[in-house]
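What's in model.txt: compact mmCIF, C-alpha atoms
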```
# COMPACT_ATOMS: atom_id res chain seq x y z
CA MET Y 282 14.73 5.20 5.38
CA ALA Y 283 11.75 2.93 5.03
CA LEU Y 284 10.46 0.65 2.31
CA ARG Y 285 7.78 2.17 0.04
CA LEU Y 286 4.96 0.36 -1.74
CA LEU Y 287 2.99 2.06 -4.55
CA ARG Y 288 0.25 0.91 -6.96
CA GLY Y 289 0.66 2.15 -10.51
CA LYS Y 290 -2.02 3.13 -13.00
CA ASP Y 291 -1.87 -0.39 -14.47
CA GLY Y 292 -2.76 -1.87 -11.06
CA ARG Y 293 0.64 -3.39 -10.37
CA LEU Y 294 2.44 -2.81 -7.08
CA THR Y 295 6.05 -1.66 -6.96
CA ALA Y 296 8.27 -1.79 -3.87
CA TYR Y 297 11.25 0.53 -3.44
CA ALA Y 298 14.00 0.18 -0.82
CA PRO Y 299 17.23 2.13 -0.25
CA VAL Y 300 20.27 -0.14 -0.62
CA ALA Y 301 24.00 0.28 -1.09
CA GLY Y 302 24.56 2.00 -4.43
CA GLY Y 303 21.03 3.35 -4.84
CA VAL Y 304 17.46 2.09 -4.66
CA ALA Y 305 16.21 -1.49 -5.19
CA ARG Y 306 12.91 -1.92 -7.02
CA TRP Y 307 10.55 -4.90 -7.30
CA THR Y 308 7.35 -4.97 -9.43
CA GLU Y 309 4.40 -7.36 -9.63
CA ASP Y 310 4.31 -9.31 -12.89
CA ARG Y 311 0.54 -8.80 -13.02
CA PRO Y 312 -1.92 -6.92 -10.79
CA GLY Y 313 -2.63 -8.89 -7.61
CA GLY Y 314 -0.46 -11.80 -8.73
CA ALA Y 315 1.96 -13.84 -6.64
CA ARG Y 316 5.01 -13.36 -8.89
CA TRP Y 317 7.28 -10.31 -8.80
CA SER Y 318 10.23 -9.23 -10.92
CA GLY Y 319 13.37 -7.76 -9.42
CA PRO Y 320 15.19 -6.45 -7.69
CA TRP Y 321 16.52 -3.91 -10.15
CA LEU Y 322 19.04 -1.38 -8.90
CA ILE Y 323 18.35 2.29 -9.54
CA GLU Y 324 21.91 3.57 -9.26
CA VAL Y 325 22.86 6.76 -7.45
CA SER Y 326 26.32 8.32 -7.53
CA GLY Y 327 27.18 8.85 -3.87
CA ARG Y 328 25.26 7.74 -0.79
CA LEU Y 329 21.59 8.36 -0.10
CA ALA Y 330 21.34 9.54 3.51
CA GLY Y 331 17.58 10.04 3.21
CA LEU Y 332 14.92 9.04 0.71
CA THR Y 333 11.21 9.74 0.27
CA ILE Y 334 9.01 8.33 -2.49
CA ILE Y 335 5.58 9.75 -3.28
CA GLN Y 336 2.98 9.26 -5.98
CA SER Y 337 1.21 11.94 -7.99
CA PRO Y 338 -2.50 11.69 -8.93
CA GLU Y 339 -1.35 10.59 -12.42
CA GLY Y 340 0.41 7.62 -10.84
CA TYR Y 341 3.95 8.96 -11.33
CA ALA Y 342 6.45 7.91 -8.68
CA HIS Y 343 8.71 10.72 -7.50
CA LEU Y 344 11.94 9.69 -5.75
CA VAL Y 345 13.60 12.45 -3.72
CA GLY Y 346 16.80 11.80 -1.79
CA LEU Y 347 19.47 13.48 0.29
CA ARG Y 348 22.78 12.60 -1.40
CA HIS Y 349 26.23 12.67 0.17
CA ARG Y 350 29.41 12.54 -1.91
CA PRO Y 351 32.99 12.79 -0.64
CA GLY Y 352 34.59 16.23 -0.69
CA GLY Y 353 38.19 17.00 -1.51
CA ALA Y 354 41.05 16.76 0.97
CA GLY Y 355 40.04 18.68 4.08
CA GLU Y 356 36.79 19.72 2.45
CA PRO Y 357 33.25 18.94 3.69
CA ALA Y 358 31.13 16.33 1.96
CA ARG Y 359 29.20 17.46 -1.09
CA VAL Y 360 25.53 17.35 -0.16
CA ASP Y 361 22.50 17.90 -2.37
CA ILE Y 362 18.88 16.89 -2.86
CA VAL Y 363 18.26 14.73 -5.94
CA HIS Y 364 15.03 13.89 -7.76
CA ALA Y 365 13.99 11.29 -10.34
CA THR Y 366 10.61 10.25 -11.76
CA GLN Y 367 9.16 6.92 -12.84
CA PHE Y 368 6.21 7.45 -15.16
CA GLN Y 369 5.07 3.82 -15.56
CA SER Y 370 5.30 0.69 -13.44
CA GLY Y 371 8.27 -1.47 -14.34
CA ARG Y 372 9.79 1.16 -16.65
CA PRO Y 373 13.12 3.01 -16.24
CA LEU Y 374 13.34 6.27 -14.33
CA THR Y 375 14.45 9.64 -15.57
CA ALA Y 376 18.02 10.64 -14.78
CA TRP Y 377 18.63 12.00 -11.28
CA TYR Y 378 18.36 15.80 -11.20
CA SER Y 379 20.15 17.80 -8.52
CA LEU Y 380 18.06 20.36 -6.63
CA GLY Y 381 21.07 21.58 -4.67
CA THR Y 382 20.35 22.73 -1.11
CA PRO Y 383 19.04 25.91 0.53
CA HIS Y 384 22.73 26.82 1.08
CA PRO Y 385 24.37 26.78 -2.38
CA LYS Y 386 27.29 29.01 -1.33
CA ASP Y 387 28.11 27.41 2.02
CA ALA Y 388 29.15 23.75 2.00
CA ARG Y 389 29.34 23.62 5.80
CA LYS Y 390 25.73 24.72 6.13
CA ALA Y 391 24.69 22.42 3.30
CA GLU Y 392 26.03 19.48 5.34
CA ARG Y 393 23.33 20.21 7.94
CA THR Y 394 20.48 19.83 5.45
CA GLY Y 395 17.92 17.28 6.68
CA PRO Y 396 16.30 14.41 4.75
CA PRO Y 397 13.48 15.44 2.40
CA ALA Y 398 9.71 15.15 2.56
CA ALA Y 399 7.55 15.78 -0.49
CA ALA Y 400 3.96 16.03 -1.73
CA VAL Y 401 2.01 16.97 -4.88
CA ASP Y 402 -0.72 19.62 -4.53
CA SER Y 403 -3.95 20.20 -6.48
CA SER Y 404 -2.19 22.16 -9.24
CA GLY Y 405 0.07 19.20 -9.96
CA ALA Y 406 3.07 20.98 -8.44
CA LEU Y 407 5.61 18.88 -6.54
CA ARG Y 408 6.97 20.45 -3.36
CA VAL Y 409 10.11 19.22 -1.61
CA PHE Y 410 10.81 20.13 2.01
CA VAL Y 411 14.01 19.91 4.06
CA ARG Y 412 15.27 21.09 7.42
CA ASN Y 413 17.80 23.83 6.72
CA ALA Y 414 20.99 24.66 8.61
CA GLY Y 415 19.16 27.18 10.79
CA GLY Y 416 16.71 24.58 12.09
CA GLY Y 417 13.80 25.88 10.02
CA VAL Y 418 12.08 24.51 6.91
CA SER Y 419 13.02 25.29 3.31
CA ALA Y 420 10.99 24.23 0.28
CA ARG Y 421 11.46 23.99 -3.46
CA ARG Y 422 8.59 23.73 -5.95
CA GLN Y 423 8.40 22.09 -9.36
CA ASP Y 424 5.55 23.60 -11.35
CA PRO Y 425 3.16 21.37 -13.36
CA LYS Y 426 5.25 21.97 -16.51
CA GLY Y 427 8.37 20.55 -14.80
CA THR Y 428 10.26 23.79 -14.08
CA TRP Y 429 11.94 24.02 -10.69
CA GLU Y 430 11.64 27.28 -8.76
CA ARG Y 431 14.20 28.53 -6.23
CA TRP Y 432 14.41 27.38 -2.63
CA THR Y 433 12.14 29.38 -0.31
CA ASP Y 434 12.32 29.78 3.46
CA TRP Y 435 9.17 28.64 5.27
CA LYS Y 436 10.63 29.76 8.61
CA GLY Y 437 10.21 27.67 11.78
CA THR Y 438 12.75 26.80 14.48
CA HIS Y 439 14.18 23.78 16.30
CA VAL Y 440 13.11 21.32 13.57
CA LEU Y 441 14.56 17.89 14.35
CA GLY Y 442 14.23 16.27 10.95
CA GLY Y 443 12.08 13.39 9.76
CA MET Y 444 9.25 15.58 8.47
CA SER Y 445 6.15 14.09 6.85
CA ALA Y 446 4.14 15.59 3.99
CA ALA Y 447 1.01 14.49 2.15
CA ALA Y 448 -1.97 15.84 0.25
CA THR Y 449 -5.67 15.09 0.49
CA ALA Y 450 -7.56 13.63 -2.46
CA ASP Y 451 -8.55 17.16 -3.49
CA GLY Y 452 -4.88 18.22 -3.41
CA ARG Y 453 -4.61 20.22 -0.17
CA LEU Y 454 -1.04 19.84 1.01
CA GLU Y 455 0.00 19.43 4.64
CA LEU Y 456 3.42 19.29 6.32
CA LEU Y 457 4.34 18.21 9.84
CA ALA Y 458 7.83 18.94 11.18
CA PRO Y 459 8.75 17.44 14.59
CA ALA Y 460 10.61 20.06 16.60
CA GLY Y 461 12.07 20.58 20.03
CA LYS Y 462 10.26 21.91 23.11
CA GLY Y 463 7.45 19.34 22.88
CA ALA Y 464 5.87 20.58 19.69
CA ALA Y 465 5.59 19.81 15.99
CA LEU Y 466 5.30 22.60 13.42
CA ARG Y 467 2.48 22.39 10.90
CA TRP Y 468 1.79 24.03 7.55
CA TYR Y 469 -1.33 23.44 5.46
CA GLN Y 470 -3.37 24.68 2.52
CA PRO Y 471 -6.82 25.82 3.74
CA GLU Y 472 -8.28 25.00 0.31
CA PRO Y 473 -7.01 23.56 -2.98
CA GLY Y 474 -4.65 25.95 -4.72
CA ALA Y 475 -4.36 28.30 -1.73
CA ALA Y 476 -1.02 29.53 -0.47
CA PRO Y 477 0.29 27.27 2.32
CA LYS Y 478 0.02 28.83 5.76
CA ARG Y 479 1.48 28.07 9.17
CA GLY Y 480 -0.97 26.42 11.55
CA GLU Y 481 -0.86 26.21 15.31
CA ASP Y 482 1.89 24.02 16.71
CA VAL Y 483 0.82 20.45 17.42
CA PRO Y 484 1.40 19.19 20.99
CA ALA Y 485 3.72 16.42 19.89
CA ASP Y 486 6.94 15.39 21.58
CA ALA Y 487 7.86 13.25 18.60
CA ARG Y 488 10.92 11.14 18.00
CA PRO Y 489 12.84 12.28 14.92
CA ASP Y 490 12.11 10.25 11.78
CA SER Y 491 8.91 8.75 13.22
CA ALA Y 492 6.20 10.92 11.61
CA SER Y 493 3.78 9.76 8.92
CA MET Y 494 0.28 10.69 7.79
CA VAL Y 495 -2.65 9.34 5.78
CA GLU Y 496 -6.01 10.70 4.59
CA SER Y 497 -8.36 9.00 7.05
CA SER Y 498 -11.57 10.65 5.82
CA PRO Y 499 -12.33 12.91 2.86
CA GLY Y 500 -10.29 16.09 3.28
CA THR Y 501 -8.78 15.10 6.64
CA LEU Y 502 -5.24 13.86 7.24
CA THR Y 503 -4.39 11.94 10.39
CA HIS Y 504 -0.83 12.29 11.67
CA TYR Y 505 1.07 9.49 13.39
CA TRP Y 506 4.34 9.68 15.30
CA ARG Y 507 6.18 7.93 18.11
CA ASP Y 508 6.29 9.68 21.50
CA ALA Y 509 9.85 10.61 22.45
CA ARG Y 510 9.45 9.48 26.06
CA SER Y 511 7.10 6.50 26.08
CA GLY Y 512 7.76 5.23 22.56
CA GLU Y 513 4.01 4.87 22.03
CA VAL Y 514 2.42 5.49 18.65
CA MET Y 515 0.34 8.69 18.76
CA ALA Y 516 -2.48 9.75 16.42
CA TRP Y 517 -3.77 13.28 15.85
CA ARG Y 518 -5.92 15.12 13.33
CA PRO Y 519 -6.77 18.82 13.25
CA ASP Y 520 -10.27 18.42 14.70
CA ALA Y 521 -9.07 16.36 17.69
CA PRO Y 522 -8.59 18.04 21.09
CA ALA Y 523 -5.36 16.16 21.81
CA PRO Y 524 -3.18 13.35 20.39
CA ALA Y 525 -4.46 9.84 21.16
CA PRO Y 526 -2.06 7.10 22.34
CA LEU Y 527 -2.27 3.84 20.38
CA GLY Y 528 0.21 1.66 22.28
CA GLY Y 529 3.08 0.02 20.44
CA ALA Y 530 5.67 1.31 22.90
CA THR Y 531 8.06 -1.55 22.05
CA GLY Y 532 8.26 -0.47 18.43
CA THR Y 533 10.75 1.64 16.56
CA GLY Y 534 10.79 3.91 13.53
CA PRO Y 535 7.85 5.34 11.57
CA VAL Y 536 4.45 3.69 11.23
CA ALA Y 537 3.25 2.58 7.80
CA ALA Y 538 -0.40 3.45 7.18
CA VAL Y 539 -3.07 2.86 4.54
CA ARG Y 540 -6.82 3.47 4.58
CA ALA Y 541 -8.84 0.27 3.98
CA MET Y 542 -12.14 -1.44 4.71
CA VAL Y 543 -11.92 -4.12 7.43
CA ASP Y 544 -15.11 -6.12 8.08
CA GLY Y 545 -17.10 -3.31 6.51
CA HIS Y 546 -15.53 -0.66 8.74
CA ASP Y 547 -13.52 2.27 7.44
CA CYS Y 548 -10.10 1.89 9.08
CA THR Y 549 -6.50 2.97 8.86
CA VAL Y 550 -4.34 -0.15 8.81
CA LEU Y 551 -1.05 0.42 10.63
CA ALA Y 552 2.21 -1.52 10.71
CA HIS Y 553 5.47 -0.96 12.56
CA GLN Y 554 8.64 -2.72 13.57
CA ASP Y 555 8.15 -4.34 16.99
CA THR Y 556 11.49 -4.85 18.73
CA ALA Y 557 9.94 -6.98 21.50
CA ALA Y 558 8.39 -9.42 19.02
CA GLY Y 559 11.46 -9.37 16.78
CA GLY Y 560 9.43 -8.57 13.67
CA LEU Y 561 6.41 -6.51 12.66
CA ALA Y 562 3.07 -5.79 14.29
CA VAL Y 563 -0.12 -4.66 12.55
CA ALA Y 564 -3.37 -3.06 13.74
CA ALA Y 565 -6.60 -1.56 12.39
CA HIS Y 566 -7.44 1.93 13.66
CA PRO Y 567 -11.13 2.93 13.19
CA CYS Y 568 -11.43 6.14 11.18
CA GLU Y 569 -14.76 7.08 12.78
CA ASP Y 570 -13.25 6.97 16.30
CA GLU Y 571 -9.60 7.89 16.13
CA ALA Y 572 -9.39 8.20 19.93
CA ALA Y 573 -10.09 4.47 20.18
CA GLY Y 574 -7.24 2.16 21.08
CA VAL Y 575 -5.89 -0.56 18.82
CA TRP Y 576 -4.73 -4.13 19.24
CA TRP Y 577 -1.29 -4.80 17.78
CA THR Y 578 -0.87 -8.29 16.29
CA PRO Y 579 2.59 -9.77 15.53
CA SER Y 580 3.16 -10.58 11.87
CA GLY Y 581 4.95 -13.87 12.59
CA GLU Y 582 8.06 -13.24 10.46
CA GLN Y 583 11.17 -12.92 12.62
CA GLY Y 584 13.59 -10.22 11.53
CA ALA Y 585 11.15 -8.42 9.21
CA HIS Y 586 11.71 -4.67 9.20
CA THR Y 587 10.92 -1.37 7.42
CA PRO Y 588 7.21 -2.13 6.72
CA ALA Y 589 5.16 -0.63 3.91
CA LEU Y 590 1.44 -0.87 3.16
CA ALA Y 591 -0.73 -0.45 0.07
CA LEU Y 592 -3.96 -1.72 -1.47
CA ASP Y 593 -3.71 -4.00 -4.48
CA ASP Y 594 -5.96 -3.76 -7.53
CA GLN Y 595 -8.60 -5.87 -5.74
CA GLY Y 596 -8.66 -3.60 -2.69
CA ARG Y 597 -6.78 -6.05 -0.47
CA VAL Y 598 -4.28 -4.79 2.08
CA VAL Y 599 -0.72 -5.73 1.14
CA LEU Y 600 2.04 -5.60 3.75
CA ALA Y 601 5.63 -5.56 2.49
CA ALA Y 602 8.87 -5.60 4.46
CA LEU Y 603 12.52 -6.50 4.16
CA ALA Y 604 14.00 -9.71 5.56
CA LEU Y 605 17.38 -9.84 7.26
CA ASP Y 606 18.87 -11.36 4.07
CA GLY Y 607 17.62 -8.42 1.97
CA LYS Y 608 14.76 -10.25 0.30
CA LEU Y 609 11.40 -8.60 -0.14
CA LEU Y 610 8.62 -10.06 2.01
CA VAL Y 611 4.98 -9.72 0.94
CA ALA Y 612 1.82 -10.69 2.86
CA ARG Y 613 -1.66 -10.15 1.42
CA GLN Y 614 -4.98 -9.77 3.22
CA LYS Y 615 -7.20 -12.85 3.39
CA THR Y 616 -10.67 -12.37 1.96
CA ASP Y 617 -12.23 -15.48 3.53
CA GLU Y 618 -11.68 -14.52 7.20
CA ARG Y 619 -13.03 -11.80 9.43
CA GLY Y 620 -10.79 -9.12 10.84
CA LEU Y 621 -7.39 -8.08 9.57
CA ALA Y 622 -5.99 -11.50 8.68
CA LEU Y 623 -2.93 -11.78 6.42
CA ARG Y 624 -1.75 -14.74 4.41
CA ALA Y 625 1.70 -16.25 4.93
CA TRP Y 626 4.71 -14.23 3.84
CA THR Y 627 6.07 -14.69 0.31
CA ARG Y 628 9.79 -14.06 -0.26
CA VAL Y 629 10.68 -12.19 -3.44
CA GLY Y 630 14.17 -12.06 -4.99
CA SER Y 631 17.36 -11.15 -3.15
CA GLY Y 632 18.74 -7.79 -2.03
```

Reformat the file's structure so that it appears as C-alpha cells.
Amino acid sequence: MALRLLRGKDGRLTAYAPVAGGVARWTEDRPGGARWSGPWLIEVSGRLAGLTIIQSPEGYAHLVGLRHRPGGAGEPARVDIVHATQFQSGRPLTAWYSLGTPHPKDARKAERTGPPAAAVDSSGALRVFVRNAGGGVSARRQDPKGTWERWTDWKGTHVLGGMSAAATADGRLELLAPAGKGAALRWYQPEPGAAPKRGEDVPADARPDSASMVESSPGTLTHYWRDARSGEVMAWRPDAPAPAPLGGATGTGPVAAVRAMVDGHDCTVLAHQDTAAGGLAVAAHPCEDEAAGVWWTPSGEQGAHTPALALDDQGRVVLAALALDGKLLVARQKTDERGLALRAWTRVGSG
C-alpha cells in the first residue's frame, strides 16, 4: 500500500498513508508552502489490508480499502471493502461505508477478495474493482447521486491482484489486471459514457501489486508495471507494438507517475523505491517517445520508501515519501535549474 499525494480544489496538497489503526493524513497549510499540518489519523475499525485513493474531477478524495476484522472462534476473518469520501482539503471525511464483497454469503470466499482499484468515469460514477475468489474481476458502481449498485462479475481468470484503474481527462475509464500466463487483462471504455468492454490481453508478465497508469497524452493512458522476471519497469500504451523496458531492475513495488513539463518537454515523471540505492530514484519519461529509455537518479534520502508524485499549484513536481521513522518527506522541483532537479527533502510531522 503506497503513499498517495493529491491536490485539492483550493490548491493545497494532501498526503495519505496507511498506518496502524487507519490512514494518516498531512495537508499543506497554504498552496505551495513549506509548512504542513498533521498527521491526523483517519481511524478504521479493523486492519486495512489494501488501500487505494483516487480523486474525482470535482476534487473529492475517495478512499477505498480492503478491511480485515477478526472472526469468532474457529471462524474466518470478516472481510469487506470500505469507502469514505473527503470533500475538501483539510476537512473531515464521511463515515466509512461497507461495500461488502462479491461473496456476501460465503465468508471463506470473501477472505480471498483482493485489494481494490477504483476510478471515476465521465458520468461522475465511481467504480470499485476487486479480484474475486474465482480469480476474475468483480466491480461495484456508485452512481452520480451516491447510490451503490450491486456487485457485477466482469469475468476474467488467473488475476493476481494489484490491479490499476484510471480515467482520461474526458472520463474514459480503463482497468489493467495483472494475471498469470504472461498476460494482463484489460477493460476500457471506447468513448465517454460507453459500456466498458474487454480489450485484448496485454503482453505483460507483471509482478503483483506493481501496476500503475497515468494519462500521458490527451485521451491516452500509459501503463507501468514491474517485470516479474527481470524486475525492470515496463511501459505500454494501446498504440504501442510492445511494452518498452525502462530499467530500474533494482527497484521494488509500484512506480509513482505524474505528467509534467521538464525543460519544455512533455514528460511523465516517475519515482520508485530503489533497493540498491537504499532510497528512491526518479526519472523523466518523454511522452512523445515512450519507447525511449530513461535515466534513474537517486533521490539522496536513505530509507525513503512508498513514493508519491503530484503537481503543486504552481505546476512544480512534488515528490513525497515516508521515512523509516514514519515522518513524511517532501521534495519540490527546482525552478532555477535545468532538468528534473529537486530541492532538499523536508521532514513533516511524525507517524

Can you list, as a compact mmCIF listing (two decimals) with C-alpha atoms, keeping the file's coordinate frame, every protein, DNA or RNA residue that comes within 7 Å of Leu610 of chain Y when you count all atoms listed in the file, leaving out same-chain residues fewer than 6 positions away?
```
# COMPACT_ATOMS: atom_id res chain seq x y z
CA ALA Y 601 5.63 -5.56 2.49
CA ALA Y 602 8.87 -5.60 4.46
CA LEU Y 603 12.52 -6.50 4.16
CA ALA Y 604 14.00 -9.71 5.56
CA TRP Y 626 4.71 -14.23 3.84
CA THR Y 627 6.07 -14.69 0.31
CA ARG Y 628 9.79 -14.06 -0.26
CA VAL Y 629 10.68 -12.19 -3.44
```

Which residues are near segment 376-387 of chain Y? Cut-off 6 Å, all atoms listed in the file, ignore same chain within fewer than 3 positions. Put them as a PyMOL selection string.
chain Y and resi 361-365+390-391+432

Please list as a VMD selection string every residue within 6 Å of Arg412 of chain Y, counting all atoms listed in the file and excluding residues in the same chain fewer than 6 positions away.
chain Y and resid 394 to 395 418

Need the neighbours of (-12.8, 6.2, 5.1): which residues are at most 9 Å away, counting all atoms listed in the file, as a ChimeraX atom specification?
/Y:496-499,540-542,546-549,567-569

As an exercise, work out the distance from atom CA of Ser419 of chain Y to atom CA of Leu454 of chain Y in Å and give it to one decimal place.
15.3 Å

Axis-aligned box for segment 327-345 of chain Y, 3 Å per side, centre and edges in Å as AutoDock Vina command-line options:
```
--center_x 12.3 --center_y 10.0 --center_z -4.5 --size_x 35.7 --size_y 10.8 --size_z 21.9
```

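Among the candidates Y:Ser491, Y:Gln367, Y:Thr375, Y:Thr433, the residue lying nearest to Thr587 of chain Y is Y:Ser491 (atoms considered: all atoms listed in the file).
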
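With only C-alpha atoms as the atoms that count, the residue of Y:Ala398, Y:Leu344, Y:Leu621, Y:Val514 with the shortest distance to Val304 of chain Y is Y:Leu344.
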
Shell around Arg467 of chain Y at 9 Å using only C-alpha atoms, local window under 2 positions removed, as a short mmCIF file (atom, residue, chain, number, x, y, z; two decimals) with C-alpha atoms, in the frame of the given file:
```
data_model
loop_
_atom_site.label_atom_id
_atom_site.label_comp_id
_atom_site.auth_asym_id
_atom_site.auth_seq_id
_atom_site.Cartn_x
_atom_site.Cartn_y
_atom_site.Cartn_z
CA GLU Y 455 0.00 19.43 4.64
CA LEU Y 456 3.42 19.29 6.32
CA LEU Y 457 4.34 18.21 9.84
CA ALA Y 458 7.83 18.94 11.18
CA PRO Y 459 8.75 17.44 14.59
CA ALA Y 465 5.59 19.81 15.99
CA TYR Y 469 -1.33 23.44 5.46
CA LYS Y 478 0.02 28.83 5.76
CA ARG Y 479 1.48 28.07 9.17
CA GLY Y 480 -0.97 26.42 11.55
CA GLU Y 481 -0.86 26.21 15.31
CA ASP Y 482 1.89 24.02 16.71
CA VAL Y 483 0.82 20.45 17.42
#
```

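Nearest to Arg306 of chain Y of all the residues Y:Ala591, Y:Leu322, Y:Ala406, Y:Leu294 is Y:Leu322, based on all atoms listed in the file.
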
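If you count only C-alpha atoms and ignore residues fewer than 5 places along the chain from Thr308 of chain Y, what sits within 10 Å of it is Leu286, Leu287, Arg288, Gly289, Arg293, Leu294, Thr295, Ala296, Tyr297, Arg316, Trp317, Ser318, Gly319, Pro320, Trp321, Ser370, Gly371, Arg372 and Val629 of chain Y.
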
Any chance you can output those residues with C-alpha atoms as a PDB file, in the coordinates of the input?
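Output contents, as saved in again.pdb:
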```pdb
ATOM      1  CA  LEU Y 286       4.960   0.360  -1.740  1.00  0.00           C
ATOM      2  CA  LEU Y 287       2.990   2.060  -4.550  1.00  0.00           C
ATOM      3  CA  ARG Y 288       0.250   0.910  -6.960  1.00  0.00           C
ATOM      4  CA  GLY Y 289       0.660   2.150 -10.510  1.00  0.00           C
ATOM      5  CA  ARG Y 293       0.640  -3.390 -10.370  1.00  0.00           C
ATOM      6  CA  LEU Y 294       2.440  -2.810  -7.080  1.00  0.00           C
ATOM      7  CA  THR Y 295       6.050  -1.660  -6.960  1.00  0.00           C
ATOM      8  CA  ALA Y 296       8.270  -1.790  -3.870  1.00  0.00           C
ATOM      9  CA  TYR Y 297      11.250   0.530  -3.440  1.00  0.00           C
ATOM     10  CA  ARG Y 316       5.010 -13.360  -8.890  1.00  0.00           C
ATOM     11  CA  TRP Y 317       7.280 -10.310  -8.800  1.00  0.00           C
ATOM     12  CA  SER Y 318      10.230  -9.230 -10.920  1.00  0.00           C
ATOM     13  CA  GLY Y 319      13.370  -7.760  -9.420  1.00  0.00           C
ATOM     14  CA  PRO Y 320      15.190  -6.450  -7.690  1.00  0.00           C
ATOM     15  CA  TRP Y 321      16.520  -3.910 -10.150  1.00  0.00           C
ATOM     16  CA  SER Y 370       5.300   0.690 -13.440  1.00  0.00           C
ATOM     17  CA  GLY Y 371       8.270  -1.470 -14.340  1.00  0.00           C
ATOM     18  CA  ARG Y 372       9.790   1.160 -16.650  1.00  0.00           C
ATOM     19  CA  VAL Y 629      10.680 -12.190  -3.440  1.00  0.00           C
TER      20      VAL Y 629
END
```

Between atom CA of Pro526 of chain Y and atom CA of Ser511 of chain Y - distance in Å to one decimal
9.9 Å

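Using all atoms listed in the file for every distance, the candidate list Y:Arg393, Y:Asp424, Y:Arg453, Y:Glu356 yields Y:Arg393 as the residue closest to Leu441 of chain Y.
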
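Among the candidates Y:Gly416, Y:Gly340, Y:Gly581, Y:Gly500, the residue lying nearest to Leu466 of chain Y is Y:Gly416 (atoms considered: only C-alpha atoms).
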
Provide the atom CA of Leu605 of chain Y to atom CA of Leu590 of chain Y distance in Å, to one decimal place.
18.7 Å

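The smallest atom-to-atom distance between Gly417 of chain Y and any of Y:Thr438, Y:Ser403, Y:Ser493, Y:Gln336, using only C-alpha atoms, is found for Y:Thr438.
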
Please write as a PyMOL selection string the list of polymer residues whose atoms come within 9 Å of (-5.4, 14.4, 17.7), counting all atoms listed in the file and keeping to the coordinates of the file.
chain Y and resi 483-484+503-504+515-525+571-572
